[in-house]
$ cat target31.csv   # CSV, C-alpha atoms
chain,number,residue,atom,x,y,z
A,1,MET,CA,-18.7,3.7,-102.1
A,2,ASN,CA,-15.7,4.1,-99.9
A,3,ASN,CA,-15.1,3.3,-96.2
A,4,ASP,CA,-16.1,6.9,-95.2
A,5,LYS,CA,-19.7,6.1,-96.1
A,6,ILE,CA,-20.0,3.1,-93.7
A,7,VAL,CA,-21.7,4.6,-90.7
A,8,GLY,CA,-21.9,4.3,-87.0
A,9,ILE,CA,-21.0,1.1,-85.2
A,10,TRP,CA,-20.6,-0.7,-88.5
A,11,ALA,CA,-17.6,1.5,-89.3
A,12,ASP,CA,-15.8,0.0,-86.2
A,13,LYS,CA,-16.9,-3.5,-87.2
A,14,TYR,CA,-15.8,-2.9,-90.8
A,15,GLN,CA,-12.4,-1.6,-89.6
A,16,ALA,CA,-12.0,-4.6,-87.3
A,17,TYR,CA,-12.9,-6.9,-90.3
A,18,CYS,CA,-10.3,-5.2,-92.5
A,19,GLU,CA,-7.7,-5.7,-89.8
A,20,GLY,CA,-8.6,-9.3,-89.3
A,21,ARG,CA,-9.8,-8.7,-85.7
A,22,LEU,CA,-13.5,-9.3,-86.1
A,23,ALA,CA,-14.4,-12.5,-84.3
A,24,ASP,CA,-17.9,-13.0,-85.8
A,25,PRO,CA,-18.2,-11.4,-89.2
A,26,TYR,CA,-21.7,-12.7,-90.1
A,27,PRO,CA,-23.7,-9.8,-88.7
A,28,LEU,CA,-21.4,-7.5,-90.8
A,29,TYR,CA,-21.9,-9.6,-93.9
A,30,ALA,CA,-25.7,-9.4,-93.4
A,31,TRP,CA,-25.5,-5.6,-93.0
A,32,LEU,CA,-23.2,-5.2,-96.0
A,33,LEU,CA,-25.6,-7.4,-98.0
A,34,GLU,CA,-28.5,-5.1,-97.2
A,35,HIS,CA,-26.7,-1.7,-97.4
A,36,TYR,CA,-23.5,-1.9,-99.4
A,37,PRO,CA,-23.5,-5.2,-101.5
A,38,VAL,CA,-20.8,-3.8,-103.9
A,39,HIS,CA,-18.2,-1.4,-102.6
A,40,TRP,CA,-14.6,-0.5,-102.8
A,41,SER,CA,-12.4,-0.8,-99.6
A,42,GLU,CA,-9.7,1.8,-99.7
A,43,GLN,CA,-7.9,0.1,-96.8
A,44,MET,CA,-7.9,-3.3,-98.4
A,45,GLN,CA,-7.5,-1.9,-102.0
A,46,SER,CA,-10.2,-4.4,-103.0
A,47,TRP,CA,-13.8,-4.6,-104.2
A,48,PHE,CA,-16.3,-6.2,-101.8
A,49,VAL,CA,-19.0,-8.0,-103.8
A,50,VAL,CA,-21.5,-9.7,-101.5
A,51,ARG,CA,-24.7,-10.8,-103.4
A,52,TYR,CA,-24.6,-14.2,-105.1
A,53,ALA,CA,-25.7,-12.9,-108.5
A,54,ASP,CA,-23.0,-10.2,-108.4
A,55,VAL,CA,-20.3,-12.6,-107.4
A,56,THR,CA,-21.3,-15.0,-110.2
A,57,GLN,CA,-21.2,-12.2,-112.7
A,58,VAL,CA,-17.8,-11.0,-111.5
A,59,LEU,CA,-16.3,-14.5,-111.4
A,60,SER,CA,-17.4,-15.1,-115.0
A,61,ASP,CA,-16.2,-11.7,-116.3
A,62,PRO,CA,-13.0,-12.2,-118.4
A,63,ARG,CA,-11.8,-8.8,-117.4
A,64,MET,CA,-11.4,-10.0,-113.8
A,65,SER,CA,-8.3,-11.8,-112.7
A,66,SER,CA,-7.4,-14.5,-110.2
A,67,ASP,CA,-3.7,-13.5,-110.3
A,68,ARG,CA,-3.6,-12.6,-106.6
A,69,ALA,CA,0.1,-13.6,-106.5
A,70,HIS,CA,1.0,-10.6,-108.6
A,71,VAL,CA,-1.5,-8.2,-106.8
A,72,ASN,CA,-0.3,-9.3,-103.4
A,73,MET,CA,3.4,-9.0,-104.4
A,74,ASN,CA,2.8,-5.4,-105.6
A,75,LYS,CA,1.5,-4.5,-102.1
A,76,LEU,CA,4.9,-5.4,-100.5
A,77,PRO,CA,7.8,-2.9,-100.2
A,78,SER,CA,10.2,-3.2,-103.2
A,79,GLU,CA,13.0,-4.8,-101.1
A,80,MET,CA,10.5,-7.5,-99.9
A,81,GLN,CA,9.3,-8.0,-103.5
A,82,LYS,CA,12.9,-8.8,-104.6
A,83,ARG,CA,13.3,-11.3,-101.8
A,84,CYS,CA,10.0,-13.0,-102.6
A,85,VAL,CA,10.3,-13.4,-106.4
A,86,SER,CA,10.5,-17.2,-106.2
A,87,LEU,CA,7.4,-17.2,-104.0
A,88,GLN,CA,5.5,-15.2,-106.6
A,89,VAL,CA,6.6,-17.6,-109.3
A,90,ASN,CA,5.5,-20.5,-107.2
A,91,LEU,CA,2.1,-19.0,-106.3
A,92,SER,CA,1.4,-18.0,-109.9
A,93,ASN,CA,1.5,-21.8,-110.7
A,94,TRP,CA,-1.3,-22.5,-108.3
A,95,LEU,CA,-4.7,-23.3,-109.9
A,96,GLY,CA,-6.5,-20.8,-107.7
A,97,PHE,CA,-4.2,-18.0,-108.9
A,98,MET,CA,-4.5,-18.7,-112.7
A,99,ASP,CA,-6.7,-17.0,-115.3
A,100,GLU,CA,-8.0,-18.6,-118.4
A,101,PRO,CA,-7.0,-20.2,-120.7
A,102,ARG,CA,-4.1,-21.5,-118.6
A,103,HIS,CA,-6.5,-22.4,-115.7
A,104,MET,CA,-8.6,-24.6,-117.9
A,105,GLY,CA,-5.6,-26.4,-119.4
A,106,VAL,CA,-4.3,-27.2,-115.9
A,107,ARG,CA,-7.7,-28.4,-114.8
A,108,ARG,CA,-8.0,-30.7,-117.8
A,109,PHE,CA,-4.6,-32.2,-116.9
A,110,LEU,CA,-5.6,-32.6,-113.3
A,111,ALA,CA,-8.9,-34.2,-114.2
A,112,LYS,CA,-6.9,-37.0,-115.9
A,113,VAL,CA,-4.8,-37.6,-112.8
A,114,PHE,CA,-7.5,-37.0,-110.0
A,115,THR,CA,-10.2,-39.2,-111.4
A,116,PRO,CA,-13.2,-40.6,-109.4
A,117,LYS,CA,-11.5,-44.0,-109.6
A,118,GLU,CA,-8.4,-42.6,-107.9
A,119,ALA,CA,-10.6,-40.9,-105.3
A,120,LEU,CA,-12.3,-44.2,-104.5
A,121,ALA,CA,-9.0,-45.9,-104.3
A,122,ALA,CA,-7.8,-43.3,-101.8
A,123,GLY,CA,-11.1,-43.6,-99.8
A,124,ASP,CA,-9.8,-46.2,-97.4
A,125,ARG,CA,-6.8,-44.1,-96.5
A,126,MET,CA,-9.0,-41.0,-96.1
A,127,LYS,CA,-11.3,-42.9,-93.8
A,128,ALA,CA,-8.3,-44.1,-91.8
A,129,ILE,CA,-6.9,-40.6,-91.5
A,130,SER,CA,-10.4,-39.3,-90.4
A,131,LYS,CA,-10.8,-42.0,-87.8
A,132,GLU,CA,-7.3,-41.3,-86.4
A,133,LEU,CA,-8.1,-37.6,-86.1
A,134,VAL,CA,-11.5,-38.3,-84.5
A,135,SER,CA,-9.8,-40.6,-82.0
A,136,GLN,CA,-7.5,-37.8,-80.9
A,137,LEU,CA,-10.3,-35.3,-80.3
A,138,GLY,CA,-10.3,-33.6,-76.9
A,139,TYR,CA,-13.2,-34.9,-74.7
A,140,PRO,CA,-15.6,-33.9,-73.3
A,141,ARG,CA,-15.2,-30.8,-75.5
A,142,ALA,CA,-13.4,-30.5,-78.8
A,143,ASP,CA,-12.6,-27.7,-81.1
A,144,LEU,CA,-13.7,-29.3,-84.3
A,145,VAL,CA,-12.2,-26.7,-86.6
A,146,GLU,CA,-8.7,-26.8,-84.9
A,147,GLU,CA,-8.7,-30.6,-84.2
A,148,LEU,CA,-10.5,-31.9,-87.3
A,149,ALA,CA,-11.4,-29.4,-90.1
A,150,HIS,CA,-7.9,-28.0,-90.4
A,151,PRO,CA,-5.7,-31.1,-90.1
A,152,LEU,CA,-8.0,-33.4,-92.1
A,153,PRO,CA,-7.5,-31.9,-95.6
A,154,MET,CA,-3.8,-31.2,-95.0
A,155,SER,CA,-3.3,-34.8,-93.9
A,156,ILE,CA,-5.1,-36.1,-96.9
A,157,VAL,CA,-3.3,-33.8,-99.3
A,158,GLY,CA,0.0,-34.7,-97.7
A,159,ASP,CA,-0.8,-38.3,-98.1
A,160,LEU,CA,-1.9,-37.9,-101.8
A,161,LEU,CA,1.3,-36.0,-102.5
A,162,GLY,CA,3.5,-38.5,-100.8
A,163,VAL,CA,4.8,-36.2,-98.1
A,164,PRO,CA,6.5,-38.5,-95.5
A,165,GLU,CA,4.8,-38.6,-92.1
A,166,LYS,CA,8.0,-37.2,-90.5
A,167,ASP,CA,7.7,-34.1,-92.7
A,168,ARG,CA,4.0,-33.4,-92.2
A,169,LYS,CA,4.4,-30.7,-89.6
A,170,GLN,CA,6.8,-28.8,-91.8
A,171,PHE,CA,4.5,-29.3,-94.8
A,172,VAL,CA,1.5,-27.9,-92.9
A,173,GLN,CA,3.6,-25.0,-91.5
A,174,ALA,CA,4.7,-24.1,-95.1
A,175,ILE,CA,1.1,-24.2,-96.3
A,176,ASN,CA,0.0,-22.0,-93.4
A,177,ASP,CA,2.8,-19.6,-94.0
A,178,ILE,CA,1.9,-19.2,-97.6
A,179,GLY,CA,-1.8,-18.8,-96.6
A,180,ASP,CA,-0.8,-16.1,-94.2
A,181,PHE,CA,1.2,-14.3,-96.9
A,182,VAL,CA,-1.7,-14.5,-99.3
A,183,GLY,CA,-4.2,-13.3,-96.8
A,184,GLU,CA,-2.1,-10.6,-95.2
A,185,ALA,CA,-0.3,-9.1,-98.2

$ encode --input "target31.csv" --output "structure tokens"
Amino acid sequence: MNNDKIVGIWADKYQAYCEGRLADPYPLYAWLLEHYPVHWSEQMQSWFVVRYADVTQVLSDPRMSSDRAHVNMNKLPSEMQKRCVSLQVNLSNWLGFMDEPRHMGVRRFLAKVFTPKEALAAGDRMKAISKELVSQLGYPRADLVEELAHPLPMSIVGDLLGVPEKDRKQFVQAINDIGDFVGEA
């Protein structure tokens, strides 16, 4: 199915979703689940797979790839591709962008480093980071996503990686920039 077959008001919602402008995508997800659970988006050059069973099947199919770094890079103009080669190399080394068997090899290595014992050892620091962020929440109303859900994992990862406190804003900005590239390419 292509975008031309999405009818009525849902076509506008689908278009807004593809352009990243849809504030609440859940009614669209429910509609797609009922009417078009598997379809090709010409605009996004991607398959949409909505049902759990279908997603599980796709994710376990060895013909499918997680190499979004390569796919996203190919969507850029050739001059931009040349400028971003080092970014592509970097992203291709991220676990979420790797296919088997390389993915499993890296996971095995990481499992030796990030053990339950290490997680417990880092627990006190994670609690301290969480308490600090909670103490900074805006009252009487807080945006929990903006003030807690976004900064908490970045603070913990920065801490685990040894990113100095003075460099945390730059670290988070770099992560956000890469996320924007991955999401927008």

$ residues_around --input "target31.csv" --residues "Ala69 in chain A" --least-positions-apart "2" --cutoff "9 Å" --atoms "only C-alpha atoms" --output "list in words"
Ser66, Asp67, Val71, Asn72, Met73, Asn74, Leu87, Gln88, Val89, Asn90, Leu91, Ser92, Phe97 and Val182 of chain A

$ closest_residue --input "target31.csv" --among "A:Ala23, A:Ile178, A:Met126, A:Val134" --to "Asp159 in chain A" --atoms "all atoms listed in the file"
A:Met126

$ atom_distance --input "target31.csv" --atom1 "CA of Arg102 in chain A" --atom2 "CA of Met64 in chain A"
14.4 Å

$ residues_near_point --input "target31.csv" --point "(-5.3, -42.6, -98.3)" --cutoff "7 Å" --atoms "only C-alpha atoms" --output "count of residues only"
8

$ closest_residue --input "target31.csv" --among "A:Glu132, A:Arg63, A:Glu19, A:Pro77" --to "Asp99 in chain A" --atoms "all atoms listed in the file"
A:Arg63

$ closest_residue --input "target31.csv" --among "A:Pro27, A:Val49, A:Arg21, A:Ile175" --to "Ile9 in chain A" --atoms "all atoms listed in the file"
A:Pro27

$ atom_distance --input "target31.csv" --atom1 "CA of Pro37 in chain A" --atom2 "CA of Leu76 in chain A"
28.4 Å

$ atom_distance --input "target31.csv" --atom1 "CA of Leu32 in chain A" --atom2 "CA of Phe48 in chain A"
9.1 Å

$ closest_residue --input "target31.csv" --among "A:Lys169, A:Glu79, A:Leu133, A:Tyr36" --to "Val50 in chain A" --atoms "only C-alpha atoms"
A:Tyr36

$ residues_around --input "target31.csv" --residues "Ser155 in chain A" --least-positions-apart "6" --cutoff "9 Å" --atoms "only C-alpha atoms" --output "list in words"
Met126, Ile129, Arg168 and Val172 of chain A

$ closest_residue --input "target31.csv" --among "A:Pro25, A:Met44, A:Thr56, A:Leu33" --to "Lys75 in chain A" --atoms "all atoms listed in the file"
A:Met44

$ residues_near_point --input "target31.csv" --point "(-19.5, 1.1, -92.0)" --cutoff "12 Å" --atoms "all atoms listed in the file" --output "NGL selection string"
:A and (1-18 or 28-29 or 31-32 or 35-36 or 39-41)

$ closest_residue --input "target31.csv" --among "A:Glu147, A:Asp24, A:Glu34, A:Glu100" --to "Leu59 in chain A" --atoms "only C-alpha atoms"
A:Glu100

$ residues_around --input "target31.csv" --residues "Phe114 in chain A" --least-positions-apart "6" --cutoff "12 Å" --atoms "all atoms listed in the file" --output "NGL selection string"
:A and (106-108 or 120-122 or 157 or 160-161)

$ decode --input "target31.csv" --residues "range 85-118 of chain A" --atoms "N, CA and C atoms" --output "PDB file, in the first residue's frame"
ATOM      1  N   VAL A  85      31.342  11.348   6.163  1.00  0.00           N
ATOM      2  CA  VAL A  85      31.874   9.976   6.164  1.00  0.00           C
ATOM      3  C   VAL A  85      32.262   9.538   7.568  1.00  0.00           C
ATOM      4  N   SER A  86      32.943  10.405   8.328  1.00  0.00           N
ATOM      5  CA  SER A  86      33.366  10.002   9.671  1.00  0.00           C
ATOM      6  C   SER A  86      32.161   9.763  10.582  1.00  0.00           C
ATOM      7  N   LEU A  87      31.076  10.510  10.372  1.00  0.00           N
ATOM      8  CA  LEU A  87      29.849  10.273  11.145  1.00  0.00           C
ATOM      9  C   LEU A  87      29.279   8.901  10.807  1.00  0.00           C
ATOM     10  N   GLN A  88      29.264   8.548   9.528  1.00  0.00           N
ATOM     11  CA  GLN A  88      28.759   7.234   9.134  1.00  0.00           C
ATOM     12  C   GLN A  88      29.596   6.122   9.766  1.00  0.00           C
ATOM     13  N   VAL A  89      30.905   6.278   9.750  1.00  0.00           N
ATOM     14  CA  VAL A  89      31.780   5.270  10.357  1.00  0.00           C
ATOM     15  C   VAL A  89      31.480   5.160  11.842  1.00  0.00           C
ATOM     16  N   ASN A  90      31.337   6.311  12.505  1.00  0.00           N
ATOM     17  CA  ASN A  90      31.034   6.311  13.931  1.00  0.00           C
ATOM     18  C   ASN A  90      29.706   5.611  14.205  1.00  0.00           C
ATOM     19  N   LEU A  91      28.659   6.008  13.491  1.00  0.00           N
ATOM     20  CA  LEU A  91      27.339   5.411  13.719  1.00  0.00           C
ATOM     21  C   LEU A  91      27.317   3.919  13.415  1.00  0.00           C
ATOM     22  N   SER A  92      28.079   3.492  12.435  1.00  0.00           N
ATOM     23  CA  SER A  92      28.085   2.066  12.093  1.00  0.00           C
ATOM     24  C   SER A  92      28.694   1.219  13.210  1.00  0.00           C
ATOM     25  N   ASN A  93      29.348   1.871  14.169  1.00  0.00           N
ATOM     26  CA  ASN A  93      29.905   1.155  15.314  1.00  0.00           C
ATOM     27  C   ASN A  93      28.984   1.172  16.526  1.00  0.00           C
ATOM     28  N   TRP A  94      27.802   1.753  16.383  1.00  0.00           N
ATOM     29  CA  TRP A  94      26.829   1.737  17.467  1.00  0.00           C
ATOM     30  C   TRP A  94      26.091   0.401  17.438  1.00  0.00           C
ATOM     31  N   LEU A  95      25.835  -0.130  18.606  1.00  0.00           N
ATOM     32  CA  LEU A  95      25.174  -1.422  18.725  1.00  0.00           C
ATOM     33  C   LEU A  95      23.832  -1.457  18.001  1.00  0.00           C
ATOM     34  N   GLY A  96      23.045  -0.401  18.119  1.00  0.00           N
ATOM     35  CA  GLY A  96      21.720  -0.359  17.497  1.00  0.00           C
ATOM     36  C   GLY A  96      21.747  -0.273  15.978  1.00  0.00           C
ATOM     37  N   PHE A  97      22.933  -0.108  15.396  1.00  0.00           N
ATOM     38  CA  PHE A  97      23.069   0.001  13.945  1.00  0.00           C
ATOM     39  C   PHE A  97      23.785  -1.210  13.362  1.00  0.00           C
ATOM     40  N   MET A  98      24.012  -2.218  14.189  1.00  0.00           N
ATOM     41  CA  MET A  98      24.779  -3.393  13.755  1.00  0.00           C
ATOM     42  C   MET A  98      23.874  -4.572  13.454  1.00  0.00           C
ATOM     43  N   ASP A  99      24.277  -5.333  12.460  1.00  0.00           N
ATOM     44  CA  ASP A  99      23.612  -6.593  12.143  1.00  0.00           C
ATOM     45  C   ASP A  99      24.426  -7.742  12.733  1.00  0.00           C
ATOM     46  N   GLU A 100      23.804  -8.911  12.759  1.00  0.00           N
ATOM     47  CA  GLU A 100      24.514 -10.120  13.175  1.00  0.00           C
ATOM     48  C   GLU A 100      25.531 -10.477  12.098  1.00  0.00           C
ATOM     49  N   PRO A 101      26.609 -11.112  12.419  1.00  0.00           N
ATOM     50  CA  PRO A 101      27.014 -11.613  13.744  1.00  0.00           C
ATOM     51  C   PRO A 101      27.762 -10.573  14.579  1.00  0.00           C
ATOM     52  N   ARG A 102      28.104  -9.456  13.993  1.00  0.00           N
ATOM     53  CA  ARG A 102      28.859  -8.422  14.709  1.00  0.00           C
ATOM     54  C   ARG A 102      28.102  -7.930  15.944  1.00  0.00           C
ATOM     55  N   HIS A 103      26.802  -7.746  15.816  1.00  0.00           N
ATOM     56  CA  HIS A 103      25.975  -7.280  16.927  1.00  0.00           C
ATOM     57  C   HIS A 103      26.135  -8.179  18.149  1.00  0.00           C
ATOM     58  N   MET A 104      26.030  -9.490  17.953  1.00  0.00           N
ATOM     59  CA  MET A 104      26.122 -10.415  19.082  1.00  0.00           C
ATOM     60  C   MET A 104      27.524 -10.406  19.682  1.00  0.00           C
ATOM     61  N   GLY A 105      28.554 -10.273  18.851  1.00  0.00           N
ATOM     62  CA  GLY A 105      29.917 -10.209  19.374  1.00  0.00           C
ATOM     63  C   GLY A 105      30.116  -9.005  20.287  1.00  0.00           C
ATOM     64  N   VAL A 106      29.605  -7.870  19.880  1.00  0.00           N
ATOM     65  CA  VAL A 106      29.724  -6.661  20.702  1.00  0.00           C
ATOM     66  C   VAL A 106      28.882  -6.804  21.968  1.00  0.00           C
ATOM     67  N   ARG A 107      27.686  -7.377  21.845  1.00  0.00           N
ATOM     68  CA  ARG A 107      26.845  -7.587  23.039  1.00  0.00           C
ATOM     69  C   ARG A 107      27.538  -8.495  24.046  1.00  0.00           C
ATOM     70  N   ARG A 108      28.177  -9.542  23.557  1.00  0.00           N
ATOM     71  CA  ARG A 108      28.903 -10.448  24.475  1.00  0.00           C
ATOM     72  C   ARG A 108      30.007  -9.692  25.204  1.00  0.00           C
ATOM     73  N   PHE A 109      30.732  -8.867  24.467  1.00  0.00           N
ATOM     74  CA  PHE A 109      31.795  -8.072  25.083  1.00  0.00           C
ATOM     75  C   PHE A 109      31.219  -7.132  26.134  1.00  0.00           C
ATOM     76  N   LEU A 110      30.153  -6.423  25.791  1.00  0.00           N
ATOM     77  CA  LEU A 110      29.551  -5.473  26.713  1.00  0.00           C
ATOM     78  C   LEU A 110      28.976  -6.165  27.951  1.00  0.00           C
ATOM     79  N   ALA A 111      28.479  -7.378  27.773  1.00  0.00           N
ATOM     80  CA  ALA A 111      27.919  -8.115  28.907  1.00  0.00           C
ATOM     81  C   ALA A 111      28.999  -8.407  29.950  1.00  0.00           C
ATOM     82  N   LYS A 112      30.245  -8.517  29.514  1.00  0.00           N
ATOM     83  CA  LYS A 112      31.351  -8.742  30.452  1.00  0.00           C
ATOM     84  C   LYS A 112      31.701  -7.465  31.208  1.00  0.00           C
ATOM     85  N   VAL A 113      31.432  -6.321  30.587  1.00  0.00           N
ATOM     86  CA  VAL A 113      31.770  -5.034  31.191  1.00  0.00           C
ATOM     87  C   VAL A 113      30.610  -4.499  32.031  1.00  0.00           C
ATOM     88  N   PHE A 114      29.401  -4.541  31.471  1.00  0.00           N
ATOM     89  CA  PHE A 114      28.225  -4.018  32.158  1.00  0.00           C
ATOM     90  C   PHE A 114      27.480  -5.168  32.827  1.00  0.00           C
ATOM     91  N   THR A 115      28.008  -5.598  33.937  1.00  0.00           N
ATOM     92  CA  THR A 115      27.450  -6.732  34.669  1.00  0.00           C
ATOM     93  C   THR A 115      26.425  -6.239  35.692  1.00  0.00           C
ATOM     94  N   PRO A 116      25.581  -7.158  36.197  1.00  0.00           N
ATOM     95  CA  PRO A 116      24.668  -6.756  37.276  1.00  0.00           C
ATOM     96  C   PRO A 116      25.431  -6.194  38.484  1.00  0.00           C
ATOM     97  N   LYS A 117      26.608  -6.748  38.765  1.00  0.00           N
ATOM     98  CA  LYS A 117      27.422  -6.253  39.883  1.00  0.00           C
ATOM     99  C   LYS A 117      27.818  -4.790  39.651  1.00  0.00           C
ATOM    100  N   GLU A 118      28.220  -4.469  38.431  1.00  0.00           N
ATOM    101  CA  GLU A 118      28.586  -3.089  38.098  1.00  0.00           C
ATOM    102  C   GLU A 118      27.361  -2.169  38.206  1.00  0.00           C
TER     103      GLU A 118
END
